[in-house]
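Everything on this sheet refers to the single structure shown next.
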Amino acid sequence: MQRTIKLLTKLKISSTLIVLVIVFASCVSGQLGKNNSGEFKNGMVVTAHPEASKVGIYILKKGGNAVDAAVAVQFALAVVYPNAGNIGGGGFMVYRSAKGEVNALDFREKAAASASRDMYLDSAGNPVVDKSLFGHLAAGVPGSVAGMVEAHQKYGKLSWREVVQPAIDLAENGFKITKRQSAELNGLHRKLMDININGTAMVNLESTWQENSLLVQTELANTLKLIQQKGKAGFYEGAVADSIVAEMQRGKGLITKEDLKNYRAVWRKPITGSYRGYKIITMPPTSSGGIALIQLLQSVEPYPLKKWGHNSDSTVQVIVEAERRVYADRATHLGDPDFYSVPQKELLDPVYNKRRMANFNWAAATPSDQILAGVIKGKESEETTHFSIVDHEGNAVSITTTLNGSYGSLVVVKGGGFLLNNEMDDFSVKPGAPNMYGLVGGEANAIAPNKRMLSSMTPTIVEKEGKLFMVVGTPGGSTIITSVFQTIINVVDFDMNMQVAVAAKKFHHQWLPDEVYVEKDAIDSLSTQKLEAKGYKIINRGAIGRVDAILKTTWGAYQAGADPRGDDTALGY
Ligand code: DON
């Protein structure tokens with residue numbers, strides 16, 4: 001506490017600005033994070049931040065189930081991992097009970113009722129750079145609080161008060177930031193300041209953050225207390241809603257009191273599919289992730305990946321060609337199912353996906369401009385975070401949640417102490433115009449009032465012989481789908497344990513641009529040369545994904561995969 005007061009005095013900033021600072025903090029990637037993997041019998045929690053993992057385990061040990069722990073973790077991440085953990089964003093949950101009942105919850109943000117198709121275009125019809133990315137107009141109506149209330153009402157065992165309390169404690173008493181977060185804080189971005197205080201007061205911010213500095217967020221604690229006392233109404237009505245609307249008026253945003261009051265999270269039927277005898281249970285639209293994941297698995301299933309080896313040239317080639325075709329489908333056929341008739345049945349048909357791979361040529365890369373979305377007959381930045389939880393009964397929760405870009409729209413709700421998302425950029429602002437992840441889209445994902453923007457988030461649960469096998473998911477924008485896909489095949493085809501599968505280097509292709517993005521050393525130089533000779537454009541990039549996963553071993557233990565690319569931490573008991 002003393003440390004915090006000292007810092008506050010030194011920096012002369014309010015708690016809101018402290019939030020901003022932290023908020024900016026966790027996006028820069030750097031050294032390998034500490035991760036604590038191992039095997040445990042009773043339960044496991046894997047999240048992007050050690051403090052959030054501690055909260056999850058605390059709730060499980062207190063007698064809470066996986067959903068209680070997930071709700072507590074979601075709120076805790078909003079405090080300790082504010083670049084992606086959130087109450088001002090949205091996400092998806094895939095659930096499997098110990099008895100095998102499955103469900104999926106869509107708490108994705110929505111466009112405001114006054115949103116319109118061309119709202120990010122200038123008078124010449126061109127997208128205005130950054131308009132859907134930064135500031136108040138970039139924010140969709142948040143869904144996370146409604147989602148947590150809904151999940152807890154349906155499946156929770158402990159009281160609402162008990163599951164929200166740990167986050168309040170973390171916000172009120174402060175928590176020690178990690179080394180990674182301190183580095184990120186010290187690299188505070190000017191734009192964050194400009195958007196929130198319209199001035200230069202923060203320019204001279206000193207680089208005083210260190211590992212273990214205490215971060216206290218009083219305004220956020222007060223917001224969480226209102227959520228604890230009043231549930232959904234504590235956020236979507238009353239003082240917090242008033243602050244969001246005042247913030248919108250200040251920054252010419254669109255979200256109104258009615259938008260907030262009308263927001264509902266929606267239960268949806270999970271997508272299921274099979275891969276080499278395993279059953280995949282994953283997120284349906286509004287995410288494209290589940291459909292694309294099953295399409296990818298179906299596309300590669302006929303090929304002997306195991307024989308070819310992990311990231312060998314043949315394995316990479318087949319996967320890249322599958323990804324090219326699946327992402328082309330995504331761009332045309334996927335959007336909010338409440339607004340657009342997604343041809344789900346057709347896209348999930350193994351015959352369709354086999355046919356899509358039929359024109360794949362071993363001798364040369366298929367140029368993406370020769371690949372269009374499949375014809376369906378009779379058809380009518382990065383920061384997100386994922387966490388995986390299993391409780392002692394064997395109930396499992398897989399949640400991916402986001403503000404979209406790191407720190408979302410960079411708008412902190414004055415008085416509320418939390419950030420708003422910039423999820424509107426996930427819409428296709430104009431047919432063919434790439435979003436921040438380079439993804440393109442069209443009619444299916446055009447902006448419309450109250451519509452949900454298409455996502456790639458892919459929270460997934462895998463069964464083997466009718467029993468829980470894996471809980472998996474990741475952040476990473478457009479790379480989410482391929483990271484989840486590669487993590488699953490790393491275990492199923494390449495016999496890796498959970499931690500090795502998560503840490504293994506990944507690569508990614510998304511149809512457009514026609515490039516293969518590769519983590520350093522993911523593909524050896526000989527395979528790279530062979531692929532380049534066939535016309536594949538290989539581009540090295542930084543980390544792909546931050547997968548947090550749990551595997552149930554044949555000997556009945558839970559095995560952790562906490563991504564070393566971040567501060568991700570697995571705890572079990
Ligand atoms: O919903 C989506 O697909 C994106 N808004 C996710 C953003 C993301 O994963 C950024 N993280 N690295």
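Residues in the structure tokens are named by chain (A, B, ... in the order shown) and by number from 1 within that chain; ligands are numbered from 1 in the order shown.
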Which protein, DNA or RNA residues have an atom within 10 Å of ligand 1, counting only C-alpha atoms and all ligand atoms, as a ChimeraX atom specification?
/A:27,83-84,89-92,108-109,286-289,381-386,400-408,421-427,436-437,439,453-458,474-481,543-546
Could you dump the residues just selected with C-alpha atoms as a PDB file, in the first residue's frame?
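So result-v3.pdb came out as:
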```pdb
ATOM      1  CA  CYS A  27       0.901  -5.904 -24.451  1.00  0.00           C
ATOM      2  CA  ASN A  83      -5.072  -5.303 -21.536  1.00  0.00           C
ATOM      3  CA  ALA A  84      -7.469  -8.167 -22.281  1.00  0.00           C
ATOM      4  CA  GLY A  89     -15.517  -6.300 -23.532  1.00  0.00           C
ATOM      5  CA  GLY A  90     -17.026  -9.672 -24.338  1.00  0.00           C
ATOM      6  CA  GLY A  91     -16.285 -13.294 -25.054  1.00  0.00           C
ATOM      7  CA  PHE A  92     -17.439 -16.872 -25.354  1.00  0.00           C
ATOM      8  CA  ARG A 108     -19.948 -11.058 -27.500  1.00  0.00           C
ATOM      9  CA  GLU A 109     -20.338  -7.281 -27.759  1.00  0.00           C
ATOM     10  CA  THR A 286     -20.951 -15.442 -33.592  1.00  0.00           C
ATOM     11  CA  SER A 287     -17.497 -16.912 -33.616  1.00  0.00           C
ATOM     12  CA  SER A 288     -16.093 -18.246 -36.842  1.00  0.00           C
ATOM     13  CA  GLY A 289     -13.608 -20.200 -34.740  1.00  0.00           C
ATOM     14  CA  SER A 381      -4.125  -6.497 -32.139  1.00  0.00           C
ATOM     15  CA  GLU A 382      -3.718  -7.974 -30.399  1.00  0.00           C
ATOM     16  CA  GLU A 383      -4.893  -8.928 -27.015  1.00  0.00           C
ATOM     17  CA  THR A 384      -7.406 -11.360 -25.902  1.00  0.00           C
ATOM     18  CA  THR A 385      -7.098 -13.895 -23.186  1.00  0.00           C
ATOM     19  CA  HIS A 386      -8.116 -17.482 -22.702  1.00  0.00           C
ATOM     20  CA  THR A 400     -11.883 -16.734 -24.377  1.00  0.00           C
ATOM     21  CA  THR A 401     -12.551 -13.075 -23.628  1.00  0.00           C
ATOM     22  CA  THR A 402     -11.331  -9.846 -25.139  1.00  0.00           C
ATOM     23  CA  LEU A 403     -11.362  -6.095 -25.593  1.00  0.00           C
ATOM     24  CA  ASN A 404     -10.077  -6.841 -29.139  1.00  0.00           C
ATOM     25  CA  GLY A 405      -6.839  -4.834 -29.463  1.00  0.00           C
ATOM     26  CA  SER A 406      -4.515  -4.425 -26.518  1.00  0.00           C
ATOM     27  CA  TYR A 407      -6.464  -2.205 -24.116  1.00  0.00           C
ATOM     28  CA  GLY A 408      -9.333  -2.124 -26.571  1.00  0.00           C
ATOM     29  CA  ASN A 421     -13.443  -2.575 -26.160  1.00  0.00           C
ATOM     30  CA  ASN A 422     -12.707  -1.717 -29.806  1.00  0.00           C
ATOM     31  CA  GLU A 423     -14.592  -4.743 -31.062  1.00  0.00           C
ATOM     32  CA  MET A 424     -16.393  -2.771 -33.829  1.00  0.00           C
ATOM     33  CA  ASP A 425     -13.236  -3.303 -35.914  1.00  0.00           C
ATOM     34  CA  ASP A 426     -14.124  -7.003 -36.119  1.00  0.00           C
ATOM     35  CA  PHE A 427     -16.983  -6.087 -38.443  1.00  0.00           C
ATOM     36  CA  MET A 436      -6.560  -4.979 -37.844  1.00  0.00           C
ATOM     37  CA  TYR A 437      -5.811  -8.688 -38.297  1.00  0.00           C
ATOM     38  CA  LEU A 439      -9.119 -10.314 -42.222  1.00  0.00           C
ATOM     39  CA  MET A 453     -19.351  -8.662 -34.948  1.00  0.00           C
ATOM     40  CA  LEU A 454     -17.745 -11.885 -36.207  1.00  0.00           C
ATOM     41  CA  SER A 455     -15.026 -13.373 -34.019  1.00  0.00           C
ATOM     42  CA  SER A 456     -12.214 -15.903 -34.387  1.00  0.00           C
ATOM     43  CA  MET A 457     -12.191 -16.876 -30.727  1.00  0.00           C
ATOM     44  CA  THR A 458     -12.243 -20.638 -30.365  1.00  0.00           C
ATOM     45  CA  THR A 474      -5.951 -18.894 -27.035  1.00  0.00           C
ATOM     46  CA  PRO A 475      -5.833 -15.193 -27.933  1.00  0.00           C
ATOM     47  CA  GLY A 476      -4.238 -14.034 -31.181  1.00  0.00           C
ATOM     48  CA  GLY A 477      -6.861 -12.484 -33.475  1.00  0.00           C
ATOM     49  CA  SER A 478      -6.996 -14.313 -36.765  1.00  0.00           C
ATOM     50  CA  THR A 479      -4.294 -16.757 -35.597  1.00  0.00           C
ATOM     51  CA  ILE A 480      -6.537 -18.093 -32.822  1.00  0.00           C
ATOM     52  CA  ILE A 481      -8.114 -20.729 -35.037  1.00  0.00           C
ATOM     53  CA  ALA A 543       4.715 -15.007 -30.990  1.00  0.00           C
ATOM     54  CA  ILE A 544       1.653 -16.774 -32.342  1.00  0.00           C
ATOM     55  CA  GLY A 545      -0.964 -17.433 -29.673  1.00  0.00           C
ATOM     56  CA  ARG A 546      -0.877 -17.795 -25.904  1.00  0.00           C
TER      57      ARG A 546
END
```
Checklist line | Residues flagged alpha helix (DSSP H) by DSSP in stretch 358-512 of chain A, as a PyMOL selection string | finding: chain A and resi 479-492+498-503
Would you mind exporting the chosen residues as a compact mmCIF listing (two decimals), in the first residue's frame, restricted to C-alpha atoms?
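Saved result, again-v5.txt, follows:
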```
# COMPACT_ATOMS: atom_id res chain seq x y z
CA THR A 479 -4.29 -16.76 -35.60
CA ILE A 480 -6.54 -18.09 -32.82
CA ILE A 481 -8.11 -20.73 -35.04
CA THR A 482 -4.82 -22.06 -36.34
CA SER A 483 -3.21 -22.07 -32.88
CA VAL A 484 -6.06 -24.09 -31.37
CA PHE A 485 -5.97 -26.40 -34.39
CA GLN A 486 -2.19 -26.92 -34.16
CA THR A 487 -2.33 -27.49 -30.40
CA ILE A 488 -4.91 -30.25 -30.89
CA ILE A 489 -2.94 -31.97 -33.65
CA ASN A 490 0.27 -31.61 -31.63
CA VAL A 491 -1.31 -33.91 -29.05
CA VAL A 492 -3.40 -36.16 -31.30
CA MET A 498 0.06 -30.63 -23.01
CA GLN A 499 2.89 -28.29 -22.09
CA VAL A 500 5.02 -29.25 -25.09
CA ALA A 501 2.03 -28.92 -27.44
CA VAL A 502 1.29 -25.44 -26.13
CA ALA A 503 4.90 -24.27 -26.27
```
(request) Determine the nearest neighbour of A:Ala66 from the options A:His136, A:Arg325, A:Lys157, A:Arg541, counting only C-alpha atoms. (result)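 Closest to A:Ala66, using only C-alpha atoms: A:Lys157.
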Problem - 9 Å contact set for A:Ala570, only C-alpha atoms, chain neighbours under 4 positions out, as a PyMOL selection string - result: chain A and resi 35-38+44-48+50+53+548-550+560-562
Filtering to C-alpha atoms, could you give me those residues as a short mmCIF file (atom, residue, chain, number, x, y, z; two decimals), in the first residue's frame?
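Now in result06.cif:
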```
data_model
loop_
_atom_site.label_atom_id
_atom_site.label_comp_id
_atom_site.auth_asym_id
_atom_site.auth_seq_id
_atom_site.Cartn_x
_atom_site.Cartn_y
_atom_site.Cartn_z
CA ASN A 35 4.76 -21.07 -16.14
CA ASN A 36 4.08 -23.70 -13.66
CA SER A 37 3.01 -26.90 -15.29
CA GLY A 38 2.49 -30.21 -13.64
CA MET A 44 -6.78 -27.15 -12.45
CA VAL A 45 -6.85 -23.52 -13.52
CA VAL A 46 -4.69 -22.13 -16.34
CA THR A 47 -4.85 -18.39 -17.03
CA ALA A 48 -2.73 -15.56 -18.38
CA PRO A 50 -0.62 -15.85 -11.74
CA SER A 53 -4.97 -18.52 -11.46
CA ASP A 548 -3.79 -22.11 -21.98
CA ALA A 549 -4.93 -25.71 -21.91
CA ILE A 550 -5.59 -28.73 -19.72
CA ALA A 560 -1.28 -28.33 -17.70
CA GLY A 561 -0.22 -26.37 -20.73
CA ALA A 562 0.51 -22.76 -19.72
#
```
Of the candidates A:Val71, A:Ala504, A:Ile371, A:Leu226, which shows the shortest atom-to-atom distance to A:Val149, using only C-alpha atoms?
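Using only C-alpha atoms, the shortest distance to A:Val149 belongs to A:Val71.
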Step one, run DSSP on the backbone; step two, keep only residues of stretch 342-471 of chain A assigned to strand (DSSP E); then write them as JSON, numbers by chain. {"A": [383, 384, 385, 386, 387, 388, 389, 390, 396, 397, 398, 399, 400, 401, 402, 403, 404, 460, 461, 462, 463, 464, 467, 468, 469, 470, 471]}
May I have the residues from that selection written out with C-alpha atoms, as a PDB file, in the first residue's frame?
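Saved result, result08.pdb, follows:
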```pdb
ATOM      1  CA  GLU A 383      -4.893  -8.928 -27.015  1.00  0.00           C
ATOM      2  CA  THR A 384      -7.406 -11.360 -25.902  1.00  0.00           C
ATOM      3  CA  THR A 385      -7.098 -13.895 -23.186  1.00  0.00           C
ATOM      4  CA  HIS A 386      -8.116 -17.482 -22.702  1.00  0.00           C
ATOM      5  CA  PHE A 387      -8.500 -19.576 -19.589  1.00  0.00           C
ATOM      6  CA  SER A 388      -9.219 -23.244 -18.999  1.00  0.00           C
ATOM      7  CA  ILE A 389     -10.642 -24.701 -15.789  1.00  0.00           C
ATOM      8  CA  VAL A 390     -11.552 -28.180 -14.582  1.00  0.00           C
ATOM      9  CA  ALA A 396     -14.871 -28.094 -17.580  1.00  0.00           C
ATOM     10  CA  VAL A 397     -14.972 -24.464 -18.720  1.00  0.00           C
ATOM     11  CA  SER A 398     -13.174 -22.968 -21.699  1.00  0.00           C
ATOM     12  CA  ILE A 399     -13.479 -19.157 -21.954  1.00  0.00           C
ATOM     13  CA  THR A 400     -11.883 -16.734 -24.377  1.00  0.00           C
ATOM     14  CA  THR A 401     -12.551 -13.075 -23.628  1.00  0.00           C
ATOM     15  CA  THR A 402     -11.331  -9.846 -25.139  1.00  0.00           C
ATOM     16  CA  LEU A 403     -11.362  -6.095 -25.593  1.00  0.00           C
ATOM     17  CA  ASN A 404     -10.077  -6.841 -29.139  1.00  0.00           C
ATOM     18  CA  THR A 460     -12.866 -25.647 -27.233  1.00  0.00           C
ATOM     19  CA  ILE A 461     -13.270 -28.880 -25.280  1.00  0.00           C
ATOM     20  CA  VAL A 462     -12.201 -32.252 -26.684  1.00  0.00           C
ATOM     21  CA  GLU A 463     -13.598 -35.641 -25.652  1.00  0.00           C
ATOM     22  CA  LYS A 464     -12.005 -39.048 -26.078  1.00  0.00           C
ATOM     23  CA  LYS A 467     -14.798 -38.605 -21.571  1.00  0.00           C
ATOM     24  CA  LEU A 468     -13.153 -35.238 -21.050  1.00  0.00           C
ATOM     25  CA  PHE A 469      -9.808 -35.091 -22.850  1.00  0.00           C
ATOM     26  CA  MET A 470      -8.720 -31.483 -23.386  1.00  0.00           C
ATOM     27  CA  VAL A 471      -9.772 -27.907 -22.583  1.00  0.00           C
TER      28      VAL A 471
END
```
Across A:Met496, A:Leu410, A:Asn311, A:Ile177, the smallest distance to A:Ala138, with only C-alpha atoms counted, is shown by A:Leu410
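With atom CA of A:Val79 on one side and atom CA of A:Lys414 on the other, the separation reads 15.9 Å.
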| request: Might you pull out every residue within 7 Å of A:Leu254, with only C-alpha atoms counted and same-chain residues fewer than 4 positions away left off, and present them as a list in words? | output: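 Listed by chain and then number, they are Ala112, Ser114, Leu137 and Met248 of chain A.
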Writing out the chosen residues with all heavy atoms as a PDB file, in the first residue's frame:
```pdb
ATOM      1  N   ALA A 112     -24.147  -0.779 -31.346  1.00  0.00           N
ATOM      2  CA  ALA A 112     -25.215   0.038 -30.748  1.00  0.00           C
ATOM      3  C   ALA A 112     -26.397   0.110 -31.716  1.00  0.00           C
ATOM      4  O   ALA A 112     -26.244  -0.121 -32.923  1.00  0.00           O
ATOM      5  CB  ALA A 112     -24.681   1.433 -30.458  1.00  0.00           C
ATOM      6  N   SER A 114     -27.824   2.587 -32.879  1.00  0.00           N
ATOM      7  CA  SER A 114     -27.683   3.628 -33.909  1.00  0.00           C
ATOM      8  C   SER A 114     -26.490   3.377 -34.831  1.00  0.00           C
ATOM      9  O   SER A 114     -26.132   4.250 -35.638  1.00  0.00           O
ATOM     10  CB  SER A 114     -27.556   5.002 -33.244  1.00  0.00           C
ATOM     11  OG  SER A 114     -26.415   4.978 -32.413  1.00  0.00           O
ATOM     12  N   LEU A 137     -16.024   5.648 -30.558  1.00  0.00           N
ATOM     13  CA  LEU A 137     -16.832   5.074 -31.643  1.00  0.00           C
ATOM     14  C   LEU A 137     -16.457   3.616 -31.944  1.00  0.00           C
ATOM     15  O   LEU A 137     -17.198   2.899 -32.622  1.00  0.00           O
ATOM     16  CB  LEU A 137     -16.625   5.933 -32.894  1.00  0.00           C
ATOM     17  CG  LEU A 137     -17.744   5.979 -33.924  1.00  0.00           C
ATOM     18  CD1 LEU A 137     -19.060   6.400 -33.287  1.00  0.00           C
ATOM     19  CD2 LEU A 137     -17.371   6.918 -35.060  1.00  0.00           C
ATOM     20  N   MET A 248     -19.504   8.219 -23.478  1.00  0.00           N
ATOM     21  CA  MET A 248     -19.881   8.221 -24.903  1.00  0.00           C
ATOM     22  C   MET A 248     -20.164   9.651 -25.361  1.00  0.00           C
ATOM     23  O   MET A 248     -19.776  10.070 -26.455  1.00  0.00           O
ATOM     24  CB  MET A 248     -21.141   7.363 -25.120  1.00  0.00           C
ATOM     25  CG  MET A 248     -20.882   5.887 -25.019  1.00  0.00           C
ATOM     26  SD  MET A 248     -19.816   5.309 -26.354  1.00  0.00           S
ATOM     27  CE  MET A 248     -18.570   4.437 -25.443  1.00  0.00           C
TER      28      MET A 248
END
```
Item to check | Coordinates-based distance that separates atom CA of A:Ile447 from atom CA of A:Ala115 (Å, one decimal) | outcome: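 So the answer is 7.2 Å.
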Between atom CA of A:Glu301 and atom CA of A:Ser274, distance in Å (one decimal):
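If I compute the distance from atom CA of A:Glu301 to atom CA of A:Ser274, I get 9.8 Å.
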Check: Do you know which residues are at most 12 Å from A:Glu321 counting only C-alpha atoms, after dropping those on the same chain fewer than 2 positions away, and could you put them as a ChimeraX atom specification?
Finding: /A:296,299-300,314-319,323-328,353-354,356-362,364-368,370-371,508-511,514-516,531,536
Nearest-residue call for A:Glu247, choices A:Ile227, A:Leu420, A:Ala522, A:Leu334, using only C-alpha atoms
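Checking each candidate against A:Glu247, we get A:Leu420 as the closest.
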**Message:** Residues within 12 Å of A:Gly556, please, as a ChimeraX atom specification. Count only C-alpha atoms; anything in the same chain fewer than 2 positions from it doesn't count.
**Reply:** /A:39-43,392,394,467-469,551-554,558-559
